[in-house]
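Take a look at the structure below.
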Amino acid sequence: MPLNSDIYLVGLGLYGLRQLTIETAEALRSATALYHFTEKQDELYSFNSRVHDMRSLYHSLSDHPDVYAAIAAKLIDLSKDQHPIAIAFDGNPMLYSSVAWQVAAQGAEANLRVEALAGISTFDVLPIQLGFDPGDLGMQTLESTAMVQYGLELNPYLSTLLLQIGHFNAAPGLPPPPRAEGAYAPLVHHLLRYFPPGHPAIFIQSASSADAPTLTLTTEVATIDEVRDQIQSGMTLYLPRVSMPPVAEVGIHQS
(Lines give C-alpha, C1' and ligand atoms only; values in the text may rest on other atoms or scores of the structure.)
Protein backbone atom coordinates (compact mmCIF):
# COMPACT_ATOMS: atom_id res chain seq x y z
CA MET A 1 0.00 0.00 0.00
CA PRO A 2 1.25 3.57 -0.57
CA LEU A 3 2.41 5.08 2.72
CA ASN A 4 1.30 8.70 2.64
CA SER A 5 1.41 9.49 6.35
CA ASP A 6 4.30 10.41 8.65
CA ILE A 7 3.28 8.14 11.54
CA TYR A 8 1.34 4.89 11.51
CA LEU A 9 -0.24 3.64 14.72
CA VAL A 10 -0.67 -0.10 14.34
CA GLY A 11 -1.94 -3.01 16.41
CA LEU A 12 -0.36 -6.47 16.46
CA GLY A 13 -3.39 -8.40 17.68
CA LEU A 14 -3.40 -10.49 20.83
CA TYR A 15 -1.87 -13.85 19.88
CA GLY A 16 1.75 -13.55 18.80
CA LEU A 17 1.74 -12.08 15.31
CA ARG A 18 -0.92 -14.44 13.98
CA GLN A 19 -3.66 -11.81 14.11
CA LEU A 20 -1.94 -9.16 12.01
CA THR A 21 -4.01 -7.58 9.26
CA ILE A 22 -2.52 -7.43 5.77
CA GLU A 23 -2.63 -3.64 5.98
CA THR A 24 -0.62 -3.58 9.21
CA ALA A 25 1.94 -6.08 7.89
CA GLU A 26 2.57 -3.83 4.88
CA ALA A 27 3.05 -0.80 7.13
CA LEU A 28 5.53 -2.72 9.32
CA ARG A 29 7.58 -3.74 6.29
CA SER A 30 7.59 -0.32 4.65
CA ALA A 31 8.25 1.92 7.64
CA THR A 32 11.60 3.66 7.89
CA ALA A 33 11.71 2.63 11.56
CA LEU A 34 9.46 0.56 13.79
CA TYR A 35 8.91 1.51 17.44
CA HIS A 36 6.88 -0.75 19.68
CA PHE A 37 5.55 -1.27 23.22
CA THR A 38 5.25 -5.06 23.18
CA GLU A 39 7.20 -8.22 23.99
CA LYS A 40 7.53 -9.06 20.30
CA GLN A 41 10.96 -7.59 19.50
CA ASP A 42 12.36 -10.77 17.94
CA GLU A 43 9.23 -11.55 15.92
CA LEU A 44 9.08 -8.00 14.54
CA TYR A 45 12.54 -8.35 13.01
CA SER A 46 10.93 -10.59 10.37
CA PHE A 47 9.10 -7.46 9.12
CA ASN A 48 11.66 -4.73 9.63
CA SER A 49 15.36 -4.59 10.58
CA ARG A 50 14.97 -1.22 12.31
CA VAL A 51 13.01 -2.29 15.40
CA HIS A 52 13.11 -0.36 18.68
CA ASP A 53 11.58 -1.51 21.97
CA MET A 54 10.29 1.63 23.70
CA ARG A 55 8.90 0.13 26.91
CA SER A 56 11.81 1.48 28.95
CA LEU A 57 10.42 4.98 28.41
CA TYR A 58 7.72 4.23 30.97
CA HIS A 59 10.46 3.94 33.60
CA SER A 60 12.82 6.66 32.39
CA LEU A 61 9.99 9.21 32.23
CA SER A 62 8.08 7.97 35.27
CA ASP A 63 8.73 11.23 37.19
CA HIS A 64 7.09 13.32 34.47
CA PRO A 65 3.68 14.72 35.50
CA ASP A 66 2.13 13.16 32.38
CA VAL A 67 4.23 10.16 31.37
CA TYR A 68 2.04 9.32 28.37
CA ALA A 69 2.36 12.83 26.93
CA ALA A 70 6.13 12.72 27.50
CA ILE A 71 6.47 9.38 25.69
CA ALA A 72 4.39 10.69 22.80
CA ALA A 73 6.56 13.82 22.57
CA LYS A 74 9.66 11.61 22.30
CA LEU A 75 8.08 9.63 19.48
CA ILE A 76 7.03 12.81 17.67
CA ASP A 77 10.64 14.04 17.81
CA LEU A 78 11.88 10.74 16.39
CA SER A 79 9.41 10.93 13.52
CA LYS A 80 10.64 14.29 12.28
CA ASP A 81 13.80 12.78 10.77
CA GLN A 82 12.25 9.50 9.64
CA HIS A 83 9.30 9.19 7.29
CA PRO A 84 7.24 7.21 7.80
CA ILE A 85 7.57 5.48 11.15
CA ALA A 86 5.29 2.82 12.59
CA ILE A 87 4.43 2.67 16.28
CA ALA A 88 3.11 -0.74 17.33
CA PHE A 89 0.98 -1.81 20.28
CA ASP A 90 -0.65 -5.07 21.27
CA GLY A 91 -4.27 -5.48 20.22
CA ASN A 92 -5.87 -2.43 18.62
CA PRO A 93 -3.65 0.69 18.72
CA MET A 94 -6.48 2.99 19.80
CA LEU A 95 -8.00 0.80 22.51
CA TYR A 96 -6.74 1.61 26.01
CA SER A 97 -3.54 3.19 24.71
CA SER A 98 -3.02 6.67 26.10
CA VAL A 99 0.31 6.89 24.27
CA ALA A 100 -1.35 6.34 20.89
CA TRP A 101 -3.99 8.99 21.52
CA GLN A 102 -1.29 11.42 22.67
CA VAL A 103 0.73 10.76 19.51
CA ALA A 104 -2.35 11.44 17.39
CA ALA A 105 -3.04 14.73 19.21
CA GLN A 106 0.56 15.97 19.31
CA GLY A 107 1.17 14.88 15.75
CA ALA A 108 -1.76 16.98 14.56
CA GLU A 109 -0.38 20.00 16.47
CA ALA A 110 2.99 19.47 14.76
CA ASN A 111 1.32 19.28 11.31
CA LEU A 112 2.31 15.63 10.94
CA ARG A 113 0.06 13.13 9.22
CA VAL A 114 -0.85 10.45 11.74
CA GLU A 115 -2.89 7.44 10.66
CA ALA A 116 -4.22 4.64 12.86
CA LEU A 117 -4.78 1.22 11.33
CA ALA A 118 -7.51 -0.95 12.80
CA GLY A 119 -6.35 -4.10 14.60
CA ILE A 120 -7.71 -7.18 16.31
CA SER A 121 -8.74 -6.28 19.85
CA THR A 122 -10.15 -7.91 22.95
CA PHE A 123 -13.61 -6.93 21.67
CA ASP A 124 -13.06 -9.21 18.68
CA VAL A 125 -11.59 -12.14 20.59
CA LEU A 126 -13.52 -12.37 23.87
CA PRO A 127 -17.06 -12.80 22.47
CA ILE A 128 -15.80 -15.80 20.47
CA GLN A 129 -14.01 -17.32 23.45
CA LEU A 130 -16.93 -16.71 25.80
CA GLY A 131 -19.59 -17.82 23.32
CA PHE A 132 -21.88 -14.82 23.02
CA ASP A 133 -22.96 -12.63 20.12
CA PRO A 134 -22.56 -8.88 20.74
CA GLY A 135 -25.22 -8.33 18.10
CA ASP A 136 -27.83 -10.31 20.06
CA LEU A 137 -29.51 -7.48 21.99
CA GLY A 138 -26.12 -5.82 22.44
CA MET A 139 -23.01 -5.64 24.59
CA GLN A 140 -21.85 -3.10 27.15
CA THR A 141 -18.22 -2.46 28.04
CA LEU A 142 -17.03 -0.25 30.86
CA GLU A 143 -13.77 0.47 32.64
CA SER A 144 -14.30 -1.14 36.03
CA THR A 145 -12.89 1.55 38.32
CA ALA A 146 -14.59 4.43 36.50
CA MET A 147 -17.89 2.54 36.50
CA VAL A 148 -17.90 2.41 40.30
CA GLN A 149 -16.43 5.86 40.89
CA TYR A 150 -19.04 7.54 38.70
CA GLY A 151 -21.91 5.23 39.62
CA LEU A 152 -22.53 4.27 35.99
CA GLU A 153 -25.67 2.24 35.47
CA LEU A 154 -25.66 -1.24 33.92
CA ASN A 155 -28.27 -3.02 31.85
CA PRO A 156 -28.27 -6.64 33.10
CA TYR A 157 -30.01 -7.80 29.91
CA LEU A 158 -26.87 -7.03 27.87
CA SER A 159 -23.67 -9.09 27.85
CA THR A 160 -21.17 -7.15 29.98
CA LEU A 161 -17.40 -6.82 29.81
CA LEU A 162 -15.63 -4.91 32.59
CA LEU A 163 -12.12 -3.88 31.58
CA GLN A 164 -9.01 -3.30 33.68
CA ILE A 165 -10.49 -5.47 36.41
CA GLY A 166 -7.05 -6.57 37.61
CA HIS A 167 -6.29 -2.91 38.32
CA PHE A 168 -9.59 -2.09 40.01
CA ASN A 169 -8.96 0.93 42.28
CA ALA A 170 -5.21 0.55 41.63
CA ALA A 171 -2.71 2.69 39.74
CA PRO A 172 -2.88 2.05 35.96
CA GLY A 173 0.19 0.85 34.12
CA LEU A 174 1.66 -0.97 37.10
CA PRO A 175 1.25 -4.54 38.37
CA PRO A 176 -1.64 -4.42 40.84
CA PRO A 177 -0.55 -4.47 44.49
CA PRO A 178 -1.44 -7.32 46.87
CA ARG A 179 -5.11 -6.94 47.67
CA ALA A 180 -6.37 -6.66 51.22
CA GLU A 181 -9.72 -8.12 52.18
CA GLY A 182 -12.51 -5.92 50.86
CA ALA A 183 -10.52 -4.53 47.93
CA TYR A 184 -13.29 -5.52 45.52
CA ALA A 185 -16.15 -4.77 47.93
CA PRO A 186 -17.12 -1.51 46.16
CA LEU A 187 -17.33 -3.40 42.87
CA VAL A 188 -19.48 -6.15 44.39
CA HIS A 189 -21.76 -3.56 46.00
CA HIS A 190 -22.25 -1.85 42.63
CA LEU A 191 -22.88 -5.07 40.70
CA LEU A 192 -25.43 -6.31 43.21
CA ARG A 193 -27.63 -3.39 42.22
CA TYR A 194 -28.15 -5.11 38.86
CA PHE A 195 -27.30 -8.82 39.22
CA PRO A 196 -28.39 -11.48 41.73
CA PRO A 197 -25.70 -12.59 44.22
CA GLY A 198 -25.29 -16.00 42.56
CA HIS A 199 -24.93 -14.63 39.04
CA PRO A 200 -21.81 -15.98 37.23
CA ALA A 201 -18.73 -13.76 37.26
CA ILE A 202 -16.13 -15.01 34.76
CA PHE A 203 -12.63 -13.55 34.73
CA ILE A 204 -10.66 -14.20 31.54
CA GLN A 205 -7.28 -13.33 30.05
CA SER A 206 -6.88 -14.34 26.41
CA ALA A 207 -3.91 -16.40 25.29
CA SER A 208 -1.00 -14.35 23.95
CA SER A 209 1.04 -17.30 22.64
CA ALA A 210 1.30 -21.08 22.83
CA ASP A 211 3.36 -20.60 26.00
CA ALA A 212 0.81 -18.22 27.56
CA PRO A 213 -2.58 -19.94 27.31
CA THR A 214 -5.94 -18.42 28.14
CA LEU A 215 -6.57 -18.01 31.88
CA THR A 216 -10.08 -18.19 33.35
CA LEU A 217 -11.47 -17.84 36.84
CA THR A 218 -15.16 -18.44 37.58
CA THR A 219 -17.02 -17.34 40.69
CA GLU A 220 -20.25 -15.52 41.56
CA VAL A 221 -20.91 -11.80 41.84
CA ALA A 222 -21.27 -11.95 45.63
CA THR A 223 -17.96 -13.79 46.11
CA ILE A 224 -15.67 -11.77 43.82
CA ASP A 225 -13.65 -10.38 46.72
CA GLU A 226 -12.97 -13.91 47.98
CA VAL A 227 -10.94 -14.70 44.81
CA ARG A 228 -9.14 -11.33 44.71
CA ASP A 229 -5.68 -12.94 44.95
CA GLN A 230 -6.38 -15.00 41.82
CA ILE A 231 -7.38 -12.06 39.61
CA GLN A 232 -4.55 -11.45 37.13
CA SER A 233 -3.43 -8.06 35.82
CA GLY A 234 -4.63 -8.63 32.25
CA MET A 235 -8.04 -10.12 33.03
CA THR A 236 -11.44 -8.86 31.92
CA LEU A 237 -14.63 -9.62 33.87
CA TYR A 238 -17.49 -11.11 31.85
CA LEU A 239 -21.02 -11.03 33.23
CA PRO A 240 -23.45 -13.02 31.07
CA ARG A 241 -26.73 -11.29 30.47
CA VAL A 242 -29.70 -12.02 32.71
CA SER A 243 -32.50 -13.95 31.01
CA MET A 244 -34.99 -11.64 29.38
CA PRO A 245 -38.45 -11.60 30.95
CA PRO A 246 -41.36 -12.59 28.70
CA VAL A 247 -42.79 -9.80 26.62
CA ALA A 248 -46.14 -8.74 28.08
CA GLU A 249 -49.11 -9.26 25.77
CA VAL A 250 -50.79 -6.08 24.68
CA GLY A 251 -54.51 -6.28 25.32
CA ILE A 252 -57.01 -4.72 22.94
CA HIS A 253 -59.79 -2.92 24.74
CA GLN A 254 -63.03 -2.03 23.05
CA SER A 255 -65.08 0.90 24.23
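Residue names in the C-alpha coordinates use chain letters A, B, ... in the order shown, residue numbers from 1 in each chain, and ligand numbers from 1 in the order shown.
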Pull the closest atom pair for each residue of region 55-148 of chain A that gets at most 10 Å from region 172-190 of chain A, along with the distance in Å to one decimal, counting only C-alpha atoms, ordering rows by chain and then ascending residue number, as a Markdown table.
```
| residue | atom | partner | partner_atom | distance |
| --- | --- | --- | --- | --- |
| A:Tyr58 | CA | A:Gly173 | CA | 8.8 |
| A:Ser144 | CA | A:Leu187 | CA | 7.8 |
| A:Thr145 | CA | A:Leu187 | CA | 8.1 |
| A:Met147 | CA | A:His190 | CA | 8.7 |
| A:Val148 | CA | A:Leu187 | CA | 6.4 |
```
Under the rule of at most 6 Å, produce a per-residue listing of region 64-124 of chain A near region 4-16 of chain A: chain, number, name, the closest pair of atoms, and the distance in Å, as JSON lines, using only C-alpha atoms.
```
{"residue": "A:His83", "atom": "CA", "partner": "A:Asp6", "partner_atom": "CA", "distance": 5.3}
{"residue": "A:Pro84", "atom": "CA", "partner": "A:Asp6", "partner_atom": "CA", "distance": 4.4}
{"residue": "A:Ile85", "atom": "CA", "partner": "A:Ile7", "partner_atom": "CA", "distance": 5.1}
{"residue": "A:Ala86", "atom": "CA", "partner": "A:Tyr8", "partner_atom": "CA", "distance": 4.6}
{"residue": "A:Ile87", "atom": "CA", "partner": "A:Leu9", "partner_atom": "CA", "distance": 5.0}
{"residue": "A:Ala88", "atom": "CA", "partner": "A:Val10", "partner_atom": "CA", "distance": 4.9}
{"residue": "A:Phe89", "atom": "CA", "partner": "A:Gly11", "partner_atom": "CA", "distance": 5.0}
{"residue": "A:Asp90", "atom": "CA", "partner": "A:Leu12", "partner_atom": "CA", "distance": 5.0}
{"residue": "A:Gly91", "atom": "CA", "partner": "A:Gly13", "partner_atom": "CA", "distance": 4.0}
{"residue": "A:Asn92", "atom": "CA", "partner": "A:Gly11", "partner_atom": "CA", "distance": 4.6}
{"residue": "A:Pro93", "atom": "CA", "partner": "A:Gly11", "partner_atom": "CA", "distance": 4.7}
{"residue": "A:Arg113", "atom": "CA", "partner": "A:Ser5", "partner_atom": "CA", "distance": 4.8}
{"residue": "A:Val114", "atom": "CA", "partner": "A:Ile7", "partner_atom": "CA", "distance": 4.7}
{"residue": "A:Glu115", "atom": "CA", "partner": "A:Tyr8", "partner_atom": "CA", "distance": 5.0}
{"residue": "A:Ala116", "atom": "CA", "partner": "A:Leu9", "partner_atom": "CA", "distance": 4.5}
{"residue": "A:Leu117", "atom": "CA", "partner": "A:Val10", "partner_atom": "CA", "distance": 5.3}
{"residue": "A:Gly119", "atom": "CA", "partner": "A:Gly11", "partner_atom": "CA", "distance": 4.9}
{"residue": "A:Ile120", "atom": "CA", "partner": "A:Gly13", "partner_atom": "CA", "distance": 4.7}
```
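Closest to Leu239 (chain A) among A:Val221, A:Ala69, A:Ala201, A:Leu215 is A:Ala201, based on only C-alpha atoms.
Nearest to Leu126 (chain A) of all the residues A:Thr218, A:Thr223, A:Gln41, A:Ser159 is A:Ser159, counting only C-alpha atoms.
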Taking only region 74-219 of chain A into account, list the residues labelled strand (DSSP E or B) by DSSP (computed from the backbone), as a PDB file with N, CA and C atoms, in the first residue's frame.
```pdb
ATOM      1  N   ILE A  85       7.278   6.451  10.099  1.00  0.00           N
ATOM      2  CA  ILE A  85       7.567   5.480  11.148  1.00  0.00           C
ATOM      3  C   ILE A  85       6.271   4.751  11.502  1.00  0.00           C
ATOM      4  N   ALA A  86       6.432   3.556  12.055  1.00  0.00           N
ATOM      5  CA  ALA A  86       5.288   2.816  12.588  1.00  0.00           C
ATOM      6  C   ALA A  86       5.482   2.667  14.087  1.00  0.00           C
ATOM      7  N   ILE A  87       4.409   2.847  14.833  1.00  0.00           N
ATOM      8  CA  ILE A  87       4.428   2.666  16.283  1.00  0.00           C
ATOM      9  C   ILE A  87       3.431   1.558  16.593  1.00  0.00           C
ATOM     10  N   ALA A  88       3.927   0.463  17.169  1.00  0.00           N
ATOM     11  CA  ALA A  88       3.111  -0.744  17.330  1.00  0.00           C
ATOM     12  C   ALA A  88       2.744  -0.992  18.786  1.00  0.00           C
ATOM     13  N   PHE A  89       1.513  -1.448  18.968  1.00  0.00           N
ATOM     14  CA  PHE A  89       0.976  -1.812  20.278  1.00  0.00           C
ATOM     15  C   PHE A  89       0.313  -3.179  20.166  1.00  0.00           C
ATOM     16  N   GLY A  91      -2.845  -5.692  20.434  1.00  0.00           N
ATOM     17  CA  GLY A  91      -4.275  -5.482  20.220  1.00  0.00           C
ATOM     18  C   GLY A  91      -4.550  -4.423  19.179  1.00  0.00           C
ATOM     19  N   VAL A 114      -0.805  11.631  10.893  1.00  0.00           N
ATOM     20  CA  VAL A 114      -0.848  10.446  11.744  1.00  0.00           C
ATOM     21  C   VAL A 114      -2.054   9.609  11.331  1.00  0.00           C
ATOM     22  N   GLU A 115      -1.810   8.330  11.073  1.00  0.00           N
ATOM     23  CA  GLU A 115      -2.894   7.435  10.658  1.00  0.00           C
ATOM     24  C   GLU A 115      -2.896   6.190  11.539  1.00  0.00           C
ATOM     25  N   ALA A 116      -4.059   5.853  12.067  1.00  0.00           N
ATOM     26  CA  ALA A 116      -4.219   4.641  12.864  1.00  0.00           C
ATOM     27  C   ALA A 116      -4.840   3.556  12.010  1.00  0.00           C
ATOM     28  N   MET A 139     -24.079  -5.409  23.634  1.00  0.00           N
ATOM     29  CA  MET A 139     -23.010  -5.643  24.588  1.00  0.00           C
ATOM     30  C   MET A 139     -22.641  -4.311  25.214  1.00  0.00           C
ATOM     31  N   GLN A 140     -22.320  -4.322  26.502  1.00  0.00           N
ATOM     32  CA  GLN A 140     -21.853  -3.104  27.149  1.00  0.00           C
ATOM     33  C   GLN A 140     -20.463  -3.339  27.719  1.00  0.00           C
ATOM     34  N   THR A 141     -19.589  -2.368  27.537  1.00  0.00           N
ATOM     35  CA  THR A 141     -18.223  -2.457  28.040  1.00  0.00           C
ATOM     36  C   THR A 141     -17.923  -1.197  28.841  1.00  0.00           C
ATOM     37  N   LEU A 142     -17.369  -1.384  30.010  1.00  0.00           N
ATOM     38  CA  LEU A 142     -17.027  -0.255  30.863  1.00  0.00           C
ATOM     39  C   LEU A 142     -15.674  -0.508  31.519  1.00  0.00           C
ATOM     40  N   GLU A 143     -14.978   0.570  31.841  1.00  0.00           N
ATOM     41  CA  GLU A 143     -13.767   0.469  32.639  1.00  0.00           C
ATOM     42  C   GLU A 143     -14.213   0.312  34.086  1.00  0.00           C
ATOM     43  N   SER A 159     -24.945  -8.475  27.484  1.00  0.00           N
ATOM     44  CA  SER A 159     -23.672  -9.089  27.845  1.00  0.00           C
ATOM     45  C   SER A 159     -22.704  -7.982  28.276  1.00  0.00           C
ATOM     46  N   THR A 160     -21.981  -8.216  29.379  1.00  0.00           N
ATOM     47  CA  THR A 160     -21.174  -7.152  29.978  1.00  0.00           C
ATOM     48  C   THR A 160     -19.714  -7.552  30.068  1.00  0.00           C
ATOM     49  N   LEU A 161     -18.832  -6.664  29.640  1.00  0.00           N
ATOM     50  CA  LEU A 161     -17.396  -6.818  29.811  1.00  0.00           C
ATOM     51  C   LEU A 161     -16.882  -5.642  30.631  1.00  0.00           C
ATOM     52  N   LEU A 162     -16.223  -5.941  31.751  1.00  0.00           N
ATOM     53  CA  LEU A 162     -15.629  -4.912  32.591  1.00  0.00           C
ATOM     54  C   LEU A 162     -14.112  -4.979  32.445  1.00  0.00           C
ATOM     55  N   LEU A 163     -13.542  -3.914  31.914  1.00  0.00           N
ATOM     56  CA  LEU A 163     -12.124  -3.881  31.581  1.00  0.00           C
ATOM     57  C   LEU A 163     -11.277  -3.401  32.760  1.00  0.00           C
ATOM     58  N   PRO A 200     -23.203 -15.645  37.589  1.00  0.00           N
ATOM     59  CA  PRO A 200     -21.814 -15.980  37.232  1.00  0.00           C
ATOM     60  C   PRO A 200     -20.951 -14.742  36.993  1.00  0.00           C
ATOM     61  N   ALA A 201     -19.742 -14.790  37.500  1.00  0.00           N
ATOM     62  CA  ALA A 201     -18.729 -13.761  37.259  1.00  0.00           C
ATOM     63  C   ALA A 201     -17.499 -14.481  36.717  1.00  0.00           C
ATOM     64  N   ILE A 202     -17.175 -14.255  35.446  1.00  0.00           N
ATOM     65  CA  ILE A 202     -16.132 -15.013  34.757  1.00  0.00           C
ATOM     66  C   ILE A 202     -14.978 -14.074  34.418  1.00  0.00           C
ATOM     67  N   PHE A 203     -13.832 -14.327  35.014  1.00  0.00           N
ATOM     68  CA  PHE A 203     -12.626 -13.548  34.725  1.00  0.00           C
ATOM     69  C   PHE A 203     -11.838 -14.291  33.645  1.00  0.00           C
ATOM     70  N   ILE A 204     -11.354 -13.552  32.641  1.00  0.00           N
ATOM     71  CA  ILE A 204     -10.658 -14.202  31.536  1.00  0.00           C
ATOM     72  C   ILE A 204      -9.517 -13.326  31.037  1.00  0.00           C
ATOM     73  N   GLN A 205      -8.423 -13.974  30.710  1.00  0.00           N
ATOM     74  CA  GLN A 205      -7.279 -13.329  30.049  1.00  0.00           C
ATOM     75  C   GLN A 205      -6.940 -14.161  28.839  1.00  0.00           C
ATOM     76  N   SER A 209       0.151 -16.431  23.407  1.00  0.00           N
ATOM     77  CA  SER A 209       1.036 -17.299  22.641  1.00  0.00           C
ATOM     78  C   SER A 209       0.780 -18.735  23.091  1.00  0.00           C
ATOM     79  N   ALA A 212       1.615 -19.020  26.632  1.00  0.00           N
ATOM     80  CA  ALA A 212       0.814 -18.218  27.559  1.00  0.00           C
ATOM     81  C   ALA A 212      -0.658 -18.439  27.238  1.00  0.00           C
ATOM     82  N   LEU A 215      -6.323 -17.794  30.459  1.00  0.00           N
ATOM     83  CA  LEU A 215      -6.573 -18.008  31.882  1.00  0.00           C
ATOM     84  C   LEU A 215      -8.023 -17.651  32.186  1.00  0.00           C
ATOM     85  N   THR A 216      -8.714 -18.490  32.950  1.00  0.00           N
ATOM     86  CA  THR A 216     -10.078 -18.194  33.351  1.00  0.00           C
ATOM     87  C   THR A 216     -10.239 -18.447  34.849  1.00  0.00           C
ATOM     88  N   LEU A 217     -11.145 -17.721  35.427  1.00  0.00           N
ATOM     89  CA  LEU A 217     -11.470 -17.845  36.844  1.00  0.00           C
ATOM     90  C   LEU A 217     -12.968 -17.592  36.959  1.00  0.00           C
ATOM     91  N   THR A 218     -13.706 -18.557  37.489  1.00  0.00           N
ATOM     92  CA  THR A 218     -15.161 -18.437  37.575  1.00  0.00           C
ATOM     93  C   THR A 218     -15.608 -18.414  39.026  1.00  0.00           C
ATOM     94  N   THR A 219     -16.432 -17.432  39.356  1.00  0.00           N
ATOM     95  CA  THR A 219     -17.019 -17.339  40.688  1.00  0.00           C
ATOM     96  C   THR A 219     -18.410 -16.752  40.532  1.00  0.00           C
TER      97      THR A 219
END
```
Quiz item: Which of these, A:Met235, A:Ile71, A:Phe195, A:Leu78, has the shortest distance to Leu34 (chain A) once you count only C-alpha atoms?
Solution: A:Leu78
Quiz item: So which one's closest to His36 (chain A), A:Asp81, A:Gln230, A:Asp124, A:Arg55? Using only C-alpha atoms, please.
Solution: A:Arg55
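Our summary of the geometry notes that CA of Thr21 (chain A) is positioned 8.3 Å from CA of Ala118 (chain A).
For the pair CA of Ala171 (chain A) and CA of Gln106 (chain A), the interatomic distance is 24.6 Å.
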Self-check item: Polymer residues at most 10 Å from Pro196 (chain A), only C-alpha atoms, same-chain spacing of 6 or more positions, as a ChimeraX atom specification
Solution: /A:156,220-222,242
